[in-house]
>>> print(open('data.pdb').read())   # PDB, C-alpha atoms
MODEL        1
ATOM      1  CA  MET A   5      48.367  31.233  -9.807
ATOM      2  CA  ASN A   6      49.263  27.830  -8.323
ATOM      3  CA  LYS A   7      46.823  28.401  -5.456
ATOM      4  CA  LYS A   8      44.057  29.253  -7.911
ATOM      5  CA  ILE A   9      44.725  26.121  -9.944
ATOM      6  CA  LEU A  10      44.809  23.990  -6.796
ATOM      7  CA  SER A  11      41.501  25.494  -5.613
ATOM      8  CA  LEU A  12      39.905  24.834  -8.988
ATOM      9  CA  LEU A  13      41.063  21.205  -8.973
ATOM     10  CA  LEU A  14      39.775  20.672  -5.450
ATOM     11  CA  ALA A  15      36.407  22.202  -6.320
ATOM     12  CA  THR A  16      36.124  20.047  -9.434
ATOM     13  CA  SER A  17      37.003  16.902  -7.474
ATOM     14  CA  LEU A  18      34.460  17.737  -4.754
ATOM     15  CA  THR A  19      31.733  18.303  -7.334
ATOM     16  CA  ALA A  20      32.468  14.923  -8.916
ATOM     17  CA  VAL A  21      32.271  13.213  -5.539
ATOM     18  CA  LEU A  22      28.967  14.874  -4.723
ATOM     19  CA  LEU A  23      27.454  13.937  -8.060
ATOM     20  CA  THR A  24      28.631  10.363  -7.703
ATOM     21  CA  GLY A  25      27.223  10.051  -4.181
ATOM     22  CA  CYS A  26      23.859  11.698  -4.775
ATOM     23  CA  GLY A  27      20.595   9.840  -4.869
ATOM     24  CA  GLY A  28      21.614   6.263  -5.482
ATOM     25  CA  SER A  29      19.162   5.950  -8.372
ATOM     26  CA  SER A  30      19.466   3.023 -10.766
ATOM     27  CA  ALA A  31      18.172   5.130 -13.652
ATOM     28  CA  GLY A  32      21.413   4.652 -15.544
ATOM     29  CA  ASN A  33      21.405   0.888 -15.101
ATOM     30  CA  ASP A  34      18.671  -0.845 -17.053
ATOM     31  CA  LYS A  35      19.291  -4.156 -15.285
ATOM     32  CA  VAL A  36      18.943  -2.927 -11.689
ATOM     33  CA  ILE A  37      15.444  -2.389 -10.301
ATOM     34  CA  LYS A  38      15.346  -0.490  -7.004
ATOM     35  CA  ILE A  39      11.952  -0.773  -5.341
ATOM     36  CA  ALA A  40      10.547   0.525  -2.056
ATOM     37  CA  ALA A  41       7.978  -1.682  -0.336
ATOM     38  CA  SER A  42       5.986  -2.391   2.787
ATOM     39  CA  GLU A  43       7.107  -5.427   4.772
ATOM     40  CA  THR A  44       4.017  -7.632   4.453
ATOM     41  CA  PRO A  45       3.015  -8.874   1.953
ATOM     42  CA  HIS A  46       4.748  -6.640  -0.580
ATOM     43  CA  SER A  47       8.413  -7.301   0.182
ATOM     44  CA  GLU A  48       7.681 -11.012   0.581
ATOM     45  CA  ILE A  49       6.091 -11.182  -2.875
ATOM     46  CA  LEU A  50       8.968  -9.188  -4.359
ATOM     47  CA  ASN A  51      11.565 -11.441  -2.781
ATOM     48  CA  LYS A  52       9.808 -14.418  -4.350
ATOM     49  CA  ALA A  53      10.081 -12.652  -7.704
ATOM     50  CA  LYS A  54      13.817 -12.009  -7.340
ATOM     51  CA  ASP A  55      15.054 -15.313  -8.724
ATOM     52  CA  ILE A  56      12.684 -15.196 -11.678
ATOM     53  CA  LEU A  57      13.899 -11.717 -12.567
ATOM     54  CA  LYS A  58      17.502 -12.782 -12.039
ATOM     55  CA  GLY A  59      16.941 -15.455 -14.684
ATOM     56  CA  GLN A  60      15.900 -12.634 -17.023
ATOM     57  CA  GLY A  61      19.053 -10.669 -16.239
ATOM     58  CA  TYR A  62      17.610  -8.226 -13.707
ATOM     59  CA  ASP A  63      18.835  -7.417 -10.206
ATOM     60  CA  LEU A  64      15.778  -6.628  -8.046
ATOM     61  CA  GLN A  65      16.777  -4.662  -4.942
ATOM     62  CA  VAL A  66      14.033  -4.403  -2.322
ATOM     63  CA  THR A  67      14.075  -1.865   0.518
ATOM     64  CA  VAL A  68      11.411  -2.040   3.232
ATOM     65  CA  PHE A  69       9.803   1.139   4.567
ATOM     66  CA  GLU A  70       7.561   1.321   7.619
ATOM     67  CA  ASP A  71       5.503   4.349   6.581
ATOM     68  CA  TYR A  72       3.304   5.401   3.660
ATOM     69  CA  VAL A  73       5.120   8.629   2.779
ATOM     70  CA  GLN A  74       8.799   7.944   2.150
ATOM     71  CA  PRO A  75       8.212   5.196  -0.450
ATOM     72  CA  ASN A  76       6.504   7.784  -2.650
ATOM     73  CA  ASN A  77       9.054  10.497  -1.942
ATOM     74  CA  VAL A  78      12.028   8.359  -2.963
ATOM     75  CA  VAL A  79      10.361   7.450  -6.259
ATOM     76  CA  GLU A  80       9.408  11.075  -6.928
ATOM     77  CA  GLN A  81      13.006  12.126  -6.236
ATOM     78  CA  GLY A  82      14.393   9.480  -8.578
ATOM     79  CA  GLU A  83      16.222   7.544  -5.862
ATOM     80  CA  PHE A  84      14.132   4.422  -6.531
ATOM     81  CA  ASP A  85      12.616   3.086  -9.738
ATOM     82  CA  ALA A  86       9.277   2.056  -8.247
ATOM     83  CA  ASN A  87       7.356   1.238  -5.102
ATOM     84  CA  TYR A  88       4.896  -1.448  -4.107
ATOM     85  CA  PHE A  89       2.817  -0.704  -1.029
ATOM     86  CA  GLN A  90      -0.229   1.362  -1.970
ATOM     87  CA  HIS A  91      -3.522   1.284  -3.790
ATOM     88  CA  ILE A  92      -4.751   3.572  -6.549
ATOM     89  CA  ASN A  93      -6.840   5.866  -4.356
ATOM     90  CA  TYR A  94      -3.954   6.523  -1.996
ATOM     91  CA  LEU A  95      -1.663   7.278  -4.937
ATOM     92  CA  ASN A  96      -4.136   9.773  -6.380
ATOM     93  CA  SER A  97      -4.649  11.458  -3.009
ATOM     94  CA  PHE A  98      -0.898  11.623  -2.402
ATOM     95  CA  ASN A  99      -0.281  13.286  -5.767
ATOM     96  CA  GLU A 100      -3.035  15.816  -5.155
ATOM     97  CA  GLU A 101      -1.920  16.681  -1.641
ATOM     98  CA  ASN A 102       1.835  16.772  -2.329
ATOM     99  CA  GLY A 103       2.167  17.889  -5.943
ATOM    100  CA  THR A 104       4.001  14.703  -6.865
ATOM    101  CA  HIS A 105       4.009  13.016 -10.262
ATOM    102  CA  LEU A 106       3.512   9.319  -9.589
ATOM    103  CA  ALA A 107       1.638   6.923 -11.840
ATOM    104  CA  VAL A 108       0.563   3.286 -12.082
ATOM    105  CA  ALA A 109       3.035   1.201 -14.053
ATOM    106  CA  GLU A 110       1.903  -0.572 -17.203
ATOM    107  CA  ASN A 111       0.226  -3.835 -16.147
ATOM    108  CA  GLY A 112       0.913  -2.684 -12.592
ATOM    109  CA  LYS A 113      -2.270  -3.709 -10.740
ATOM    110  CA  ILE A 114      -1.015  -6.667  -8.729
ATOM    111  CA  HIS A 115      -3.276  -7.654  -5.821
ATOM    112  CA  TYR A 116      -5.831  -6.492  -3.302
ATOM    113  CA  GLU A 117      -6.033  -7.097   0.415
ATOM    114  CA  PRO A 118      -9.612  -7.384   1.661
ATOM    115  CA  PHE A 119     -10.427  -5.212   4.647
ATOM    116  CA  GLY A 120     -11.836  -7.077   7.600
ATOM    117  CA  ILE A 121     -13.628  -6.342  10.852
ATOM    118  CA  TYR A 122     -11.802  -8.037  13.736
ATOM    119  CA  ALA A 123     -12.742  -8.819  17.300
ATOM    120  CA  GLY A 124     -11.615  -6.532  20.069
ATOM    121  CA  SER A 125     -13.247  -6.817  23.463
ATOM    122  CA  LYS A 126     -16.189  -8.547  21.753
ATOM    123  CA  THR A 127     -15.971 -11.669  19.630
ATOM    124  CA  ALA A 128     -19.100 -11.503  17.474
ATOM    125  CA  LEU A 129     -20.777  -8.689  15.566
ATOM    126  CA  SER A 130     -24.113  -9.936  16.881
ATOM    127  CA  ASP A 131     -22.953  -8.848  20.347
ATOM    128  CA  ILE A 132     -22.557  -5.218  19.345
ATOM    129  CA  ALA A 133     -24.280  -2.876  21.774
ATOM    130  CA  ASP A 134     -25.294   0.751  21.935
ATOM    131  CA  GLY A 135     -22.267   3.023  22.286
ATOM    132  CA  ASP A 136     -19.651   0.398  21.406
ATOM    133  CA  SER A 137     -16.406   1.695  19.928
ATOM    134  CA  ILE A 138     -14.880   0.614  16.613
ATOM    135  CA  ALA A 139     -11.333   1.588  15.606
ATOM    136  CA  ILE A 140     -10.904   2.623  11.965
ATOM    137  CA  PRO A 141      -7.959   4.009   9.923
ATOM    138  CA  ASN A 142      -7.807   7.802   9.894
ATOM    139  CA  ASP A 143      -6.218   8.459   6.486
ATOM    140  CA  THR A 144      -8.419   9.775   3.723
ATOM    141  CA  THR A 145      -8.733   6.693   1.548
ATOM    142  CA  ASN A 146      -8.653   3.881   4.090
ATOM    143  CA  GLU A 147     -11.218   5.562   6.333
ATOM    144  CA  ALA A 148     -13.716   5.514   3.468
ATOM    145  CA  ARG A 149     -13.012   1.860   2.854
ATOM    146  CA  ALA A 150     -13.589   1.027   6.512
ATOM    147  CA  LEU A 151     -16.851   2.954   6.540
ATOM    148  CA  LEU A 152     -18.069   1.158   3.413
ATOM    149  CA  LEU A 153     -17.424  -2.173   5.132
ATOM    150  CA  LEU A 154     -19.342  -1.075   8.222
ATOM    151  CA  GLU A 155     -22.176  -0.010   5.942
ATOM    152  CA  GLN A 156     -22.021  -3.364   4.133
ATOM    153  CA  GLU A 157     -22.616  -5.040   7.500
ATOM    154  CA  GLY A 158     -25.552  -2.785   8.322
ATOM    155  CA  LEU A 159     -23.845  -1.072  11.250
ATOM    156  CA  ILE A 160     -24.062   2.431   9.778
ATOM    157  CA  LYS A 161     -25.506   4.124   6.712
ATOM    158  CA  LEU A 162     -23.565   6.695   4.682
ATOM    159  CA  LYS A 163     -24.905   9.702   2.852
ATOM    160  CA  GLU A 164     -25.922   8.889  -0.689
ATOM    161  CA  GLY A 165     -22.982   9.138  -3.072
ATOM    162  CA  ALA A 166     -20.307   9.303  -0.359
ATOM    163  CA  GLY A 167     -18.636   6.144  -1.692
ATOM    164  CA  VAL A 168     -14.846   5.936  -1.699
ATOM    165  CA  THR A 169     -14.470   9.534  -0.485
ATOM    166  CA  ALA A 170     -16.545   9.020   2.663
ATOM    167  CA  THR A 171     -15.436  10.322   6.049
ATOM    168  CA  VAL A 172     -17.032  10.045   9.470
ATOM    169  CA  ASN A 173     -18.853  13.261   8.616
ATOM    170  CA  ASP A 174     -20.750  11.311   5.933
ATOM    171  CA  VAL A 175     -22.359   8.911   8.400
ATOM    172  CA  ALA A 176     -26.075   9.560   7.913
ATOM    173  CA  GLU A 177     -27.421   6.874  10.235
ATOM    174  CA  ASN A 178     -25.775   5.319  13.284
ATOM    175  CA  PRO A 179     -28.550   3.360  15.020
ATOM    176  CA  LYS A 180     -26.227   1.876  17.649
ATOM    177  CA  ASN A 181     -24.553   5.228  18.394
ATOM    178  CA  LEU A 182     -21.222   3.606  17.652
ATOM    179  CA  GLU A 183     -18.089   5.534  18.540
ATOM    180  CA  LEU A 184     -15.813   5.508  15.488
ATOM    181  CA  VAL A 185     -12.273   5.820  16.843
ATOM    182  CA  GLU A 186      -9.966   7.213  14.141
ATOM    183  CA  VAL A 187      -6.315   6.152  14.468
ATOM    184  CA  GLU A 188      -3.342   5.745  12.133
ATOM    185  CA  ALA A 189      -3.857   2.606  10.060
ATOM    186  CA  ALA A 190      -0.881   0.721  11.479
ATOM    187  CA  GLN A 191      -2.136   1.356  15.021
ATOM    188  CA  VAL A 192      -5.599  -0.200  14.614
ATOM    189  CA  PRO A 193      -4.453  -3.741  15.570
ATOM    190  CA  LYS A 194      -2.861  -2.308  18.711
ATOM    191  CA  GLN A 195      -6.170  -0.698  19.677
ATOM    192  CA  LEU A 196      -8.180  -3.936  19.650
ATOM    193  CA  LYS A 197      -7.909  -4.418  23.409
ATOM    194  CA  SER A 198      -9.505  -1.041  24.062
ATOM    195  CA  VAL A 199     -12.365  -1.169  21.512
ATOM    196  CA  ALA A 200     -15.176  -3.577  20.734
ATOM    197  CA  PHE A 201     -13.987  -4.128  17.136
ATOM    198  CA  GLY A 202     -11.435  -2.842  14.667
ATOM    199  CA  VAL A 203     -11.407  -2.462  10.887
ATOM    200  CA  ILE A 204      -7.912  -3.342   9.676
ATOM    201  CA  ASN A 205      -5.976  -3.060   6.409
ATOM    202  CA  GLY A 206      -4.964  -6.434   5.004
ATOM    203  CA  ASN A 207      -1.214  -5.888   5.353
ATOM    204  CA  TYR A 208      -1.436  -4.631   8.929
ATOM    205  CA  ALA A 209      -3.683  -7.546   9.852
ATOM    206  CA  LEU A 210      -1.055  -9.948   8.499
ATOM    207  CA  GLU A 211       1.699  -8.183  10.427
ATOM    208  CA  ALA A 212      -0.414  -8.550  13.586
ATOM    209  CA  GLY A 213      -0.809 -12.297  13.003
ATOM    210  CA  LEU A 214      -4.406 -11.996  11.789
ATOM    211  CA  ASN A 215      -5.723 -13.600   8.623
ATOM    212  CA  VAL A 216      -8.772 -12.169   6.935
ATOM    213  CA  GLY A 217      -9.869 -15.611   5.781
ATOM    214  CA  LYS A 218      -9.715 -17.134   9.264
ATOM    215  CA  ASP A 219     -10.020 -14.346  11.804
ATOM    216  CA  ALA A 220     -12.162 -11.591  10.328
ATOM    217  CA  LEU A 221     -15.776 -11.339  11.494
ATOM    218  CA  ALA A 222     -16.724  -9.685   8.188
ATOM    219  CA  VAL A 223     -14.857  -9.089   4.920
ATOM    220  CA  GLU A 224     -15.294  -6.768   1.946
ATOM    221  CA  ALA A 225     -17.357  -8.333  -0.815
ATOM    222  CA  ALA A 226     -15.179  -9.080  -3.858
ATOM    223  CA  SER A 227     -17.750  -7.341  -6.050
ATOM    224  CA  GLY A 228     -17.901  -4.291  -3.803
ATOM    225  CA  GLU A 229     -17.143  -0.746  -4.889
ATOM    226  CA  ALA A 230     -14.052  -0.595  -2.717
ATOM    227  CA  ILE A 231     -12.170  -3.561  -4.184
ATOM    228  CA  GLN A 232     -11.853  -1.960  -7.628
ATOM    229  CA  GLN A 233     -10.504   1.227  -6.085
ATOM    230  CA  TYR A 234      -8.018  -0.385  -3.742
ATOM    231  CA  VAL A 235      -5.960  -2.664  -5.944
ATOM    232  CA  ASN A 236      -2.324  -2.562  -4.795
ATOM    233  CA  ILE A 237      -0.047  -1.327  -7.530
ATOM    234  CA  ILE A 238       3.477  -0.872  -8.776
ATOM    235  CA  ALA A 239       3.927   2.910  -8.827
ATOM    236  CA  VAL A 240       6.577   4.810 -10.773
ATOM    237  CA  LYS A 241       7.326   8.403 -11.641
ATOM    238  CA  GLU A 242       5.342   9.685 -14.622
ATOM    239  CA  GLY A 243       7.138   8.862 -17.844
ATOM    240  CA  ASN A 244       8.519   5.555 -16.584
ATOM    241  CA  GLU A 245       5.290   3.550 -16.786
ATOM    242  CA  SER A 246       6.500   1.499 -19.768
ATOM    243  CA  ALA A 247      10.229   1.296 -19.060
ATOM    244  CA  GLU A 248      11.538  -2.130 -20.062
ATOM    245  CA  LYS A 249      12.675  -3.087 -16.571
ATOM    246  CA  ILE A 250       9.341  -1.996 -15.113
ATOM    247  CA  LYS A 251       7.485  -4.134 -17.660
ATOM    248  CA  ALA A 252       9.742  -7.034 -16.717
ATOM    249  CA  LEU A 253       8.888  -6.503 -13.039
ATOM    250  CA  THR A 254       5.125  -6.323 -13.514
ATOM    251  CA  GLY A 255       5.204  -9.247 -15.930
ATOM    252  CA  VAL A 256       6.777 -11.455 -13.282
ATOM    253  CA  LEU A 257       4.423 -10.229 -10.549
ATOM    254  CA  LYS A 258       1.451 -11.186 -12.740
ATOM    255  CA  SER A 259       2.936 -14.557 -13.700
ATOM    256  CA  ASP A 260       1.366 -17.898 -12.809
ATOM    257  CA  GLU A 261       4.223 -18.640 -10.430
ATOM    258  CA  ILE A 262       3.666 -15.514  -8.343
ATOM    259  CA  VAL A 263      -0.129 -15.867  -8.486
ATOM    260  CA  SER A 264       0.243 -19.402  -7.094
ATOM    261  CA  TYR A 265       2.644 -18.161  -4.413
ATOM    262  CA  ILE A 266       0.140 -15.521  -3.272
ATOM    263  CA  ASN A 267      -2.775 -17.948  -3.204
ATOM    264  CA  ASP A 268      -0.813 -20.639  -1.369
ATOM    265  CA  ASN A 269       0.782 -18.415   1.234
ATOM    266  CA  TYR A 270      -1.879 -15.882   2.210
ATOM    267  CA  GLU A 271      -5.050 -17.986   2.173
ATOM    268  CA  GLY A 272      -7.342 -15.202   1.018
ATOM    269  CA  ALA A 273      -5.711 -12.378   2.944
ATOM    270  CA  VAL A 274      -4.006 -11.321  -0.280
ATOM    271  CA  VAL A 275      -5.843 -11.871  -3.573
ATOM    272  CA  PRO A 276      -4.170 -11.642  -7.019
ATOM    273  CA  TYR A 277      -5.835  -9.080  -9.253
ATOM    274  CA  ASP A 278      -6.857 -10.733 -12.517
ATOM    275  CA  GLY A 279      -7.768  -7.579 -14.433
ATOM    276  CA  GLU A 280      -5.476  -5.351 -16.457
TER
ENDMDL
END
>>> encode(input="data.pdb", output="structure tokens")
Amino acid sequence: MNKKILSLLLATSLTAVLLTGCGGSSAGNDKVIKIAASETPHSEILNKAKDILKGQGYDLQVTVFEDYVQPNNVVEQGEFDANYFQHINYLNSFNEENGTHLAVAENGKIHYEPFGIYAGSKTALSDIADGDSIAIPNDTTNEARALLLLEQEGLIKLKEGAGVTATVNDVAENPKNLELVEVEAAQVPKQLKSVAFGVINGNYALEAGLNVGKDALAVEAASGEAIQQYVNIIAVKEGNESAEKIKALTGVLKSDEIVSYINDNYEGAVVPYDGE
């Protein structure tokens, strides 16, 4: 009997320890906001928002991730309250491909990062020659965005209606016989030495020391189809879109102080989104 009681007590204690140690979610603490983010510019913007949120009684805890998968997984699993690294099209694609249940937070469209074409072995688009290679991101959403920019500059023509779902298979006209080199988005800056040009995401350009306002040879038009689809967002698990601490977070990120910080520090490489 004593052994049975001892075993039951040990099992109960172990279960309590496991439950206490699992996950690390702040779901039970309305004043702690755990957020997963990319390094640049997302974590930098969030760190600027920390003191403002602290003044409102919130503890913003920022964790940097280097990939585009785990930040969504940890929110889906309830380990984090939100993430800030992706645009709407990527979120939608991720949900569809992985069966996840992520959504844009209320007032959660924060900024966009214009795609740019950057010099590789050649320094001007006017120097482009037959057969030149251009590195582009290989993921579903960013590849389309890169192709739309190349089309904007008259380098290729896409099939009618391809739009934000375009892939290299949708290139209808390629008068210069350009070689479109598909690589992981973060690797495009590292490919510049081996290609004529590269089309780079705003955050990866910043991390590589490139500024779209100063260094890009061509930039997405602000009125272009892509900009509206690629606004960077605060993402949460479905059902948490209007949680009070999430509304506090997005309210600060849309505040005049943070808008001024973005404009002053990124010089056009990161642009505050002024819509809803």
>>> residues_around(input="data.pdb", residues="Pro276 of chain A", least_positions_apart="4", cutoff="12 Å", atoms="all atoms listed in the file", output="JSON, numbers by chain")
{"A": [45, 49, 112, 113, 114, 115, 116, 117, 118, 226, 231, 235, 236, 237, 257, 258, 259, 260, 261, 262, 263, 264, 265, 266, 267, 268, 269, 270, 271, 272, 280]}
>>> axis_aligned_box(input="data.pdb", around="segment 56-60 of chain A", padding_each_side="6 Å", output="lines of an AutoDock Vina configuration file")
center_x = 15.1
center_y = -13.6
center_z = -14.4
size_x = 16.8
size_y = 15.7
size_z = 17.3
>>> residues_around(input="data.pdb", residues="segment 54-64 of chain A", least_positions_apart="6", cutoff="10 Å", atoms="all atoms listed in the file", output="list in words")
Asn33, Asp34, Lys35, Val36, Ile37, Lys38, Ile39, Lys249, Ala252, Leu253, Gly255, Val256, Leu257, Ser259, Glu261 and Ile262 of chain A
>>> resolve_selection(input="data.pdb", expression="the PyMOL selection byres ((chain A and resi 176) around 9)", output="number ranges by chain")
A: 160-164, 173-175, 177-178
>>> closest_residue(input="data.pdb", among="A:Leu154, A:Val199, A:Ala86, A:Leu182", to="Ala123 of chain A", atoms="all atoms listed in the file")
A:Val199
>>> residues_around(input="data.pdb", residues="Asn142 of chain A", least_positions_apart="5", cutoff="9 Å", atoms="all atoms listed in the file", output="ChimeraX atom specification")
/A:147,171,185-189
>>> resolve_selection(input="data.pdb", expression="the PyMOL selection byres ((chain A and resi 69-74) around 12)", output="PyMOL selection string")
chain A and resi 39-44+46-47+66-68+75-81+83-84+86-91+94-95+97-99+101-102+104+143+188-191+207-208+211
>>> atom_distance(input="data.pdb", atom1="atom CA of Ala139 of chain A", atom2="atom CA of Ser125 of chain A")
11.7 Å
>>> atom_distance(input="data.pdb", atom1="atom CA of Thr145 of chain A", atom2="atom CA of Gly202 of chain A")
16.4 Å
>>> closest_residue(input="data.pdb", among="A:Val274, A:Val223, A:Thr254, A:Ala128", to="Ile238 of chain A", atoms="only C-alpha atoms")
A:Thr254
>>> atom_distance(input="data.pdb", atom1="atom CA of Lys126 of chain A", atom2="atom CA of Ala225 of chain A")
22.6 Å
>>> closest_residue(input="data.pdb", among="A:Gln65, A:Asn96, A:Asn111, A:Ser137", to="Gln195 of chain A", atoms="all atoms listed in the file")
A:Ser137
>>> residues_near_point(input="data.pdb", point="(-6.9, -16.5, 6.2)", cutoff="8 Å", atoms="only C-alpha atoms", output="CSV table (one decimal) with C-alpha atoms, in the coordinates of the input")
chain,number,residue,atom,x,y,z
A,214,LEU,CA,-4.4,-12.0,11.8
A,215,ASN,CA,-5.7,-13.6,8.6
A,216,VAL,CA,-8.8,-12.2,6.9
A,217,GLY,CA,-9.9,-15.6,5.8
A,218,LYS,CA,-9.7,-17.1,9.3
A,219,ASP,CA,-10.0,-14.3,11.8
A,270,TYR,CA,-1.9,-15.9,2.2
A,271,GLU,CA,-5.0,-18.0,2.2
A,272,GLY,CA,-7.3,-15.2,1.0
A,273,ALA,CA,-5.7,-12.4,2.9
>>> closest_residue(input="data.pdb", among="A:Val172, A:Gly243, A:Asp278, A:Asn146", to="Glu110 of chain A", atoms="all atoms listed in the file")
A:Gly243
>>> residues_around(input="data.pdb", residues="Tyr122 of chain A", least_positions_apart="5", cutoff="8 Å", atoms="only C-alpha atoms", output="list in words")
Phe201, Gly202, Val203, Ile204, Asp219, Ala220, Leu221 and Ala222 of chain A
>>> closest_residue(input="data.pdb", among="A:Leu159, A:Ile121, A:Ile132, A:Val168", to="Thr144 of chain A", atoms="all atoms listed in the file")
A:Val168
>>> decode(input="data.pdb", residues="segment 160-209 of chain A", atoms="C-alpha atoms", output="PDB file, in the first residue's frame")
ATOM      1  CA  ILE A 160      10.284  40.034 -68.924  1.00  0.00           C
ATOM      2  CA  LYS A 161       6.564  39.751 -69.583  1.00  0.00           C
ATOM      3  CA  LEU A 162       4.291  37.460 -67.562  1.00  0.00           C
ATOM      4  CA  LYS A 163       1.245  35.582 -68.738  1.00  0.00           C
ATOM      5  CA  GLU A 164      -1.910  37.628 -68.424  1.00  0.00           C
ATOM      6  CA  GLY A 165      -3.433  37.308 -64.965  1.00  0.00           C
ATOM      7  CA  ALA A 166      -0.393  35.660 -63.361  1.00  0.00           C
ATOM      8  CA  GLY A 167      -0.067  38.507 -60.844  1.00  0.00           C
ATOM      9  CA  VAL A 168       0.922  37.694 -57.271  1.00  0.00           C
ATOM     10  CA  THR A 169       0.832  33.934 -57.915  1.00  0.00           C
ATOM     11  CA  ALA A 170       3.351  34.044 -60.764  1.00  0.00           C
ATOM     12  CA  THR A 171       6.215  31.570 -61.026  1.00  0.00           C
ATOM     13  CA  VAL A 172       9.013  31.257 -63.556  1.00  0.00           C
ATOM     14  CA  ASN A 173       6.657  29.031 -65.528  1.00  0.00           C
ATOM     15  CA  ASP A 174       4.466  32.106 -66.115  1.00  0.00           C
ATOM     16  CA  VAL A 175       7.154  34.023 -67.994  1.00  0.00           C
ATOM     17  CA  ALA A 176       5.580  34.556 -71.416  1.00  0.00           C
ATOM     18  CA  GLU A 177       8.302  36.708 -72.955  1.00  0.00           C
ATOM     19  CA  ASN A 178      12.006  36.816 -72.126  1.00  0.00           C
ATOM     20  CA  PRO A 179      13.594  38.852 -74.936  1.00  0.00           C
ATOM     21  CA  LYS A 180      17.058  38.836 -73.353  1.00  0.00           C
ATOM     22  CA  ASN A 181      16.948  35.094 -72.596  1.00  0.00           C
ATOM     23  CA  LEU A 182      17.665  35.916 -68.978  1.00  0.00           C
ATOM     24  CA  GLU A 183      18.544  33.054 -66.664  1.00  0.00           C
ATOM     25  CA  LEU A 184      16.353  33.358 -63.566  1.00  0.00           C
ATOM     26  CA  VAL A 185      18.326  31.738 -60.747  1.00  0.00           C
ATOM     27  CA  GLU A 186      15.953  30.628 -57.971  1.00  0.00           C
ATOM     28  CA  VAL A 187      17.514  30.539 -54.489  1.00  0.00           C
ATOM     29  CA  GLU A 188      16.274  30.801 -50.905  1.00  0.00           C
ATOM     30  CA  ALA A 189      15.392  34.425 -50.195  1.00  0.00           C
ATOM     31  CA  ALA A 190      18.066  34.957 -47.552  1.00  0.00           C
ATOM     32  CA  GLN A 191      20.733  33.679 -49.956  1.00  0.00           C
ATOM     33  CA  VAL A 192      20.075  36.147 -52.794  1.00  0.00           C
ATOM     34  CA  PRO A 193      22.475  38.821 -51.430  1.00  0.00           C
ATOM     35  CA  LYS A 194      25.188  36.169 -51.186  1.00  0.00           C
ATOM     36  CA  GLN A 195      24.683  35.288 -54.852  1.00  0.00           C
ATOM     37  CA  LEU A 196      25.319  38.806 -56.172  1.00  0.00           C
ATOM     38  CA  LYS A 197      28.950  38.087 -57.033  1.00  0.00           C
ATOM     39  CA  SER A 198      27.951  35.217 -59.300  1.00  0.00           C
ATOM     40  CA  VAL A 199      24.999  36.834 -61.135  1.00  0.00           C
ATOM     41  CA  ALA A 200      24.468  40.020 -63.103  1.00  0.00           C
ATOM     42  CA  PHE A 201      21.705  41.255 -60.757  1.00  0.00           C
ATOM     43  CA  GLY A 202      19.641  40.110 -57.808  1.00  0.00           C
ATOM     44  CA  VAL A 203      16.101  40.850 -56.644  1.00  0.00           C
ATOM     45  CA  ILE A 204      16.171  41.082 -52.850  1.00  0.00           C
ATOM     46  CA  ASN A 205      13.593  41.257 -50.052  1.00  0.00           C
ATOM     47  CA  GLY A 206      13.769  44.498 -48.091  1.00  0.00           C
ATOM     48  CA  ASN A 207      14.802  42.899 -44.796  1.00  0.00           C
ATOM     49  CA  TYR A 208      17.530  40.765 -46.353  1.00  0.00           C
ATOM     50  CA  ALA A 209      18.851  43.773 -48.249  1.00  0.00           C
TER      51      ALA A 209
END
